[in-house]
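> Supplied in structure tokens, the structure appears directly below.
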Amino acid sequence: MARTRVRKNSLLALTLTAGLALTTTGCGGENEPSSSSSSGAKDSSPVVVATTTWEGALAKAAGAADVEVIVPQSVQHAPDYDPKPSDLAAVAGADYVLYAPFEPYAAKIKEAAGSDAELVEVALDNDADKAKAEVARLAQLFGTEDAAARWTASFDSEYAALHKGLKAKWPRGKQPTVVAQVFTTWAAKLAGAELVGTFGPEAVTAKQLSELSRTKPRLVLDNAHMTTGTVLPDAGAEQVEIVNYPGTDLDLLAVYREAAKTVETAMAAS
């Protein structure tokens, strides 16, 4: 079961004092952290602070009603963000703090959380099976299994419809060949495409360029958050940018809808 939210003024004061020493990078401008909360939520509902909208969307899918996100959605590459003092104050008042291990500010988040918040390391992967497994794990932690089960049923139904729709749009009815950035392979799976090669997260080397070009892919699925430009400039493949992070509404399903739309458009143009 979720713990009752507890705020300790002394902890907040210490957190704010420590946080004032931080310098911010300007990646997020003056944007306020996004959140998804329900005014009718029970007092015992978990208060969740997530580093990015990706973790936040997983928490919302798992049934959390009170979710606050630290990194503004406008920051294209979330790991570049430097938390502000107000971000750390929000962490101090949480029941659960969700973060990804690759985020460089994780150490600051851990320190600010103090002893009242439970730190939860989240695996970020939009592969359908992995995303559902992470939602189920978080729901068990929050005590919101029923809400997560309803979300999963909705997800399965819509994912199946998107997958079927994309297969119906295969160029000339033939399974397209795809090269994908390592964090966008899930989009190739959604489309039912044949994954013939991967690249990244580093820039493509001359050797990789040669190897990937020989696969003659119809599509290149780049990562919008870590793009290094045109991947196969002379291969004649249609390159598209796949977005991994949800928007401020923390709707994880919207990521799959947008990817389906993007891939469908690319297949029509290829």
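Following the order of the structure tokens, chains are lettered A, B, ..., residues in each are numbered from 1, and ligands are numbered from 1.
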List every residue of range 62-142 of chain A that DSSP, applied to the backbone of this structure, assigns to strand (DSSP E or B), and report them as a list in words.

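The residues of range 62-142 of chain A classed as strand (DSSP E or B) are Asp66, Val67, Glu68, Val69, Tyr96, Val97, Leu98, Tyr99, Glu118, Leu119, Val120 and Glu121 of chain A.
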
> Convert the current residue selection to file output with all heavy atoms, as a compact mmCIF listing (two decimals), in the first residue's frame.


```
# COMPACT_ATOMS: atom_id res chain seq x y z
N ASP A 66 -0.97 11.36 -8.35
CA ASP A 66 -0.25 12.58 -8.02
C ASP A 66 1.20 12.42 -8.48
O ASP A 66 2.02 11.81 -7.80
CB ASP A 66 -0.31 12.83 -6.51
CG ASP A 66 0.22 14.21 -6.12
OD1 ASP A 66 0.92 14.83 -6.94
OD2 ASP A 66 -0.07 14.64 -5.00
N VAL A 67 1.47 12.92 -9.69
CA VAL A 67 2.80 12.75 -10.28
C VAL A 67 3.37 14.11 -10.68
O VAL A 67 2.71 14.88 -11.39
CB VAL A 67 2.75 11.85 -11.54
CG1 VAL A 67 4.16 11.65 -12.10
CG2 VAL A 67 2.10 10.51 -11.23
N GLU A 68 4.56 14.40 -10.22
CA GLU A 68 5.24 15.63 -10.60
C GLU A 68 6.54 15.28 -11.32
O GLU A 68 7.27 14.39 -10.89
CB GLU A 68 5.54 16.51 -9.38
CG GLU A 68 6.17 17.85 -9.74
CD GLU A 68 6.24 18.81 -8.57
OE1 GLU A 68 5.72 18.46 -7.49
OE2 GLU A 68 6.81 19.90 -8.75
N VAL A 69 6.81 16.00 -12.39
CA VAL A 69 7.99 15.74 -13.21
C VAL A 69 8.99 16.88 -13.06
O VAL A 69 8.62 18.05 -13.09
CB VAL A 69 7.60 15.56 -14.69
CG1 VAL A 69 8.84 15.44 -15.58
CG2 VAL A 69 6.70 14.34 -14.85
N TYR A 96 7.55 8.53 -3.34
CA TYR A 96 8.41 7.76 -4.24
C TYR A 96 9.10 8.72 -5.22
O TYR A 96 8.48 9.66 -5.71
CB TYR A 96 7.59 6.74 -5.05
CG TYR A 96 6.89 5.71 -4.20
CD1 TYR A 96 5.54 5.87 -3.86
CD2 TYR A 96 7.56 4.58 -3.76
CE1 TYR A 96 4.89 4.93 -3.07
CE2 TYR A 96 6.92 3.63 -2.97
CZ TYR A 96 5.59 3.81 -2.63
OH TYR A 96 4.95 2.88 -1.86
N VAL A 97 10.35 8.44 -5.49
CA VAL A 97 11.11 9.21 -6.47
C VAL A 97 11.59 8.24 -7.55
O VAL A 97 12.32 7.29 -7.26
CB VAL A 97 12.32 9.92 -5.82
CG1 VAL A 97 13.14 10.64 -6.88
CG2 VAL A 97 11.84 10.90 -4.77
N LEU A 98 11.16 8.49 -8.79
CA LEU A 98 11.50 7.62 -9.90
C LEU A 98 12.60 8.25 -10.74
O LEU A 98 12.50 9.44 -11.10
CB LEU A 98 10.26 7.37 -10.78
CG LEU A 98 9.30 6.25 -10.35
CD1 LEU A 98 8.86 6.39 -8.90
CD2 LEU A 98 8.09 6.21 -11.28
N TYR A 99 13.61 7.50 -11.07
CA TYR A 99 14.72 8.01 -11.86
C TYR A 99 15.32 6.87 -12.69
O TYR A 99 15.09 5.69 -12.41
CB TYR A 99 15.80 8.62 -10.96
CG TYR A 99 16.54 7.59 -10.14
CD1 TYR A 99 17.79 7.11 -10.55
CD2 TYR A 99 16.00 7.07 -8.96
CE1 TYR A 99 18.47 6.14 -9.82
CE2 TYR A 99 16.66 6.11 -8.23
CZ TYR A 99 17.89 5.64 -8.65
OH TYR A 99 18.54 4.68 -7.93
N GLU A 118 10.99 6.91 -1.07
CA GLU A 118 11.57 5.65 -1.53
C GLU A 118 12.07 5.84 -2.95
O GLU A 118 11.32 6.21 -3.85
CB GLU A 118 10.54 4.52 -1.48
CG GLU A 118 11.11 3.18 -1.92
CD GLU A 118 10.14 2.03 -1.65
OE1 GLU A 118 9.18 2.22 -0.90
OE2 GLU A 118 10.39 0.93 -2.21
N LEU A 119 13.34 5.61 -3.16
CA LEU A 119 13.95 5.76 -4.47
C LEU A 119 13.69 4.53 -5.32
O LEU A 119 13.92 3.40 -4.88
CB LEU A 119 15.45 5.99 -4.33
CG LEU A 119 15.84 7.31 -3.65
CD1 LEU A 119 17.28 7.24 -3.17
CD2 LEU A 119 15.65 8.45 -4.60
N VAL A 120 13.20 4.75 -6.54
CA VAL A 120 12.87 3.64 -7.43
C VAL A 120 13.59 3.84 -8.75
O VAL A 120 13.32 4.80 -9.48
CB VAL A 120 11.35 3.55 -7.67
CG1 VAL A 120 11.03 2.35 -8.56
CG2 VAL A 120 10.60 3.46 -6.35
N GLU A 121 14.48 2.95 -9.07
CA GLU A 121 15.18 3.00 -10.35
C GLU A 121 14.28 2.39 -11.42
O GLU A 121 13.77 1.28 -11.26
CB GLU A 121 16.49 2.22 -10.26
CG GLU A 121 17.37 2.34 -11.49
CD GLU A 121 18.71 1.63 -11.30
OE1 GLU A 121 19.49 2.08 -10.44
OE2 GLU A 121 18.96 0.65 -12.02
```

> Neighbours of range 153-166 of chain A within 12 Å (only C-alpha atoms; same-chain residues fewer than 5 positions away dropped), as a PDB file with C-alpha atoms, in the first residue's frame?


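part15.pdb was written with the following content:
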```pdb
ATOM      1  CA  ALA A  61      -0.027   4.169 -16.245  1.00  0.00           C
ATOM      2  CA  ALA A  62       0.631   2.219 -13.063  1.00  0.00           C
ATOM      3  CA  ASN A 126       9.227   1.544 -25.012  1.00  0.00           C
ATOM      4  CA  ASP A 127       9.297  -2.072 -26.130  1.00  0.00           C
ATOM      5  CA  ALA A 128       5.685  -3.022 -25.439  1.00  0.00           C
ATOM      6  CA  ASP A 129       6.414  -6.041 -23.249  1.00  0.00           C
ATOM      7  CA  ALA A 131       6.915  -1.158 -20.722  1.00  0.00           C
ATOM      8  CA  LYS A 132       3.995  -3.280 -19.469  1.00  0.00           C
ATOM      9  CA  VAL A 135       4.019  -0.603 -15.207  1.00  0.00           C
ATOM     10  CA  ALA A 136       3.059  -3.817 -13.378  1.00  0.00           C
ATOM     11  CA  ASP A 146      -6.378  -2.631 -10.475  1.00  0.00           C
ATOM     12  CA  ALA A 147      -5.698   0.698 -12.182  1.00  0.00           C
ATOM     13  CA  ALA A 148      -2.630  -0.729 -13.892  1.00  0.00           C
ATOM     14  CA  PRO A 171       4.653  -0.566 -49.314  1.00  0.00           C
ATOM     15  CA  GLY A 173       2.295  -5.262 -49.210  1.00  0.00           C
ATOM     16  CA  LYS A 174       5.948  -6.198 -48.503  1.00  0.00           C
ATOM     17  CA  GLN A 175       7.549  -6.133 -45.055  1.00  0.00           C
ATOM     18  CA  PRO A 176       9.839  -3.073 -44.958  1.00  0.00           C
ATOM     19  CA  TRP A 186      10.581  -0.767 -30.468  1.00  0.00           C
ATOM     20  CA  ALA A 187       9.099   1.342 -33.277  1.00  0.00           C
ATOM     21  CA  ALA A 188      10.312  -1.167 -35.864  1.00  0.00           C
ATOM     22  CA  LYS A 189       8.612  -3.906 -33.863  1.00  0.00           C
ATOM     23  CA  LEU A 190       5.406  -1.864 -33.715  1.00  0.00           C
ATOM     24  CA  ALA A 191       5.440  -1.613 -37.507  1.00  0.00           C
ATOM     25  CA  GLY A 192       6.164  -5.315 -37.970  1.00  0.00           C
ATOM     26  CA  ALA A 193       9.265  -4.313 -39.947  1.00  0.00           C
ATOM     27  CA  ASP A 251       0.156   9.754 -21.822  1.00  0.00           C
ATOM     28  CA  LEU A 252       2.438   6.847 -22.669  1.00  0.00           C
ATOM     29  CA  LEU A 253       0.098   5.554 -25.357  1.00  0.00           C
ATOM     30  CA  ALA A 254       0.485   8.830 -27.239  1.00  0.00           C
ATOM     31  CA  VAL A 255       4.131   7.915 -27.894  1.00  0.00           C
ATOM     32  CA  TYR A 256       3.034   4.795 -29.782  1.00  0.00           C
ATOM     33  CA  ARG A 257       0.354   6.677 -31.710  1.00  0.00           C
ATOM     34  CA  GLU A 258       2.852   9.309 -32.809  1.00  0.00           C
ATOM     35  CA  ALA A 259       5.433   6.690 -33.791  1.00  0.00           C
ATOM     36  CA  ALA A 260       2.818   4.828 -35.833  1.00  0.00           C
ATOM     37  CA  LYS A 261       1.839   8.031 -37.614  1.00  0.00           C
ATOM     38  CA  THR A 262       5.480   8.908 -38.314  1.00  0.00           C
ATOM     39  CA  VAL A 263       6.354   5.462 -39.660  1.00  0.00           C
ATOM     40  CA  GLU A 264       3.208   5.276 -41.775  1.00  0.00           C
ATOM     41  CA  THR A 265       4.058   8.618 -43.419  1.00  0.00           C
ATOM     42  CA  ALA A 266       7.630   7.445 -44.047  1.00  0.00           C
ATOM     43  CA  MET A 267       6.499   4.173 -45.609  1.00  0.00           C
ATOM     44  CA  ALA A 268       4.213   6.078 -47.963  1.00  0.00           C
TER      45      ALA A 268
END
```

> For a test of reading the model, state the distance in Å between CA of Thr184 in chain A and CA of Glu145 in chain A, rounded to one decimal.

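Value for the CA of Thr184 in chain A-CA of Glu145 in chain A distance: 28.3 Å.
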
> What is the CA of Gln76 in chain A to CA of Glu241 in chain A distance in Å?

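Spanning CA of Gln76 in chain A to CA of Glu241 in chain A is a straight-line distance of 12.5 Å.
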
> To one decimal in Å, tell me the separation between CA of Thr52 in chain A and CA of Ala117 in chain A.

17.1 Å

> Excluding same-chain residues fewer than 2 positions from range 226-230 of chain A, what lies within 8 Å of it counting only C-alpha atoms, as a PyMOL selection string?

chain A and resi 77+201+203+222-224+232-233+239+241

> Using only C-alpha atoms, pick whichever of A:Glu238, A:Leu141, A:Ile70, A:Lys60 has the shortest atom-to-atom distance to Ser86 in chain A.

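The shortest atom-to-atom distance to Ser86 in chain A comes from A:Ile70.
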
> Pick the closest to Pro104 in chain A from A:Glu55, A:Asp80, A:Glu211, A:Glu202: which is it, counting only C-alpha atoms?

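Of A:Glu55, A:Asp80, A:Glu211, A:Glu202, the one nearest Pro104 in chain A is A:Asp80, counting only C-alpha atoms.
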
> As an MDAnalysis selection string, please: every residue in range 26-263 of chain A that DSSP puts in alpha helix (DSSP H).

chainID A and resid 53:61 85:92 106:113 128:142 145:168 185:191 206:214 252:263

> With distances taken over only C-alpha atoms, which residue among A:Ser45, A:Val75, A:Leu88, A:Asp95 lies nearest Gly143 in chain A?

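Counting only C-alpha atoms, the residue closest to Gly143 in chain A is A:Ser45.
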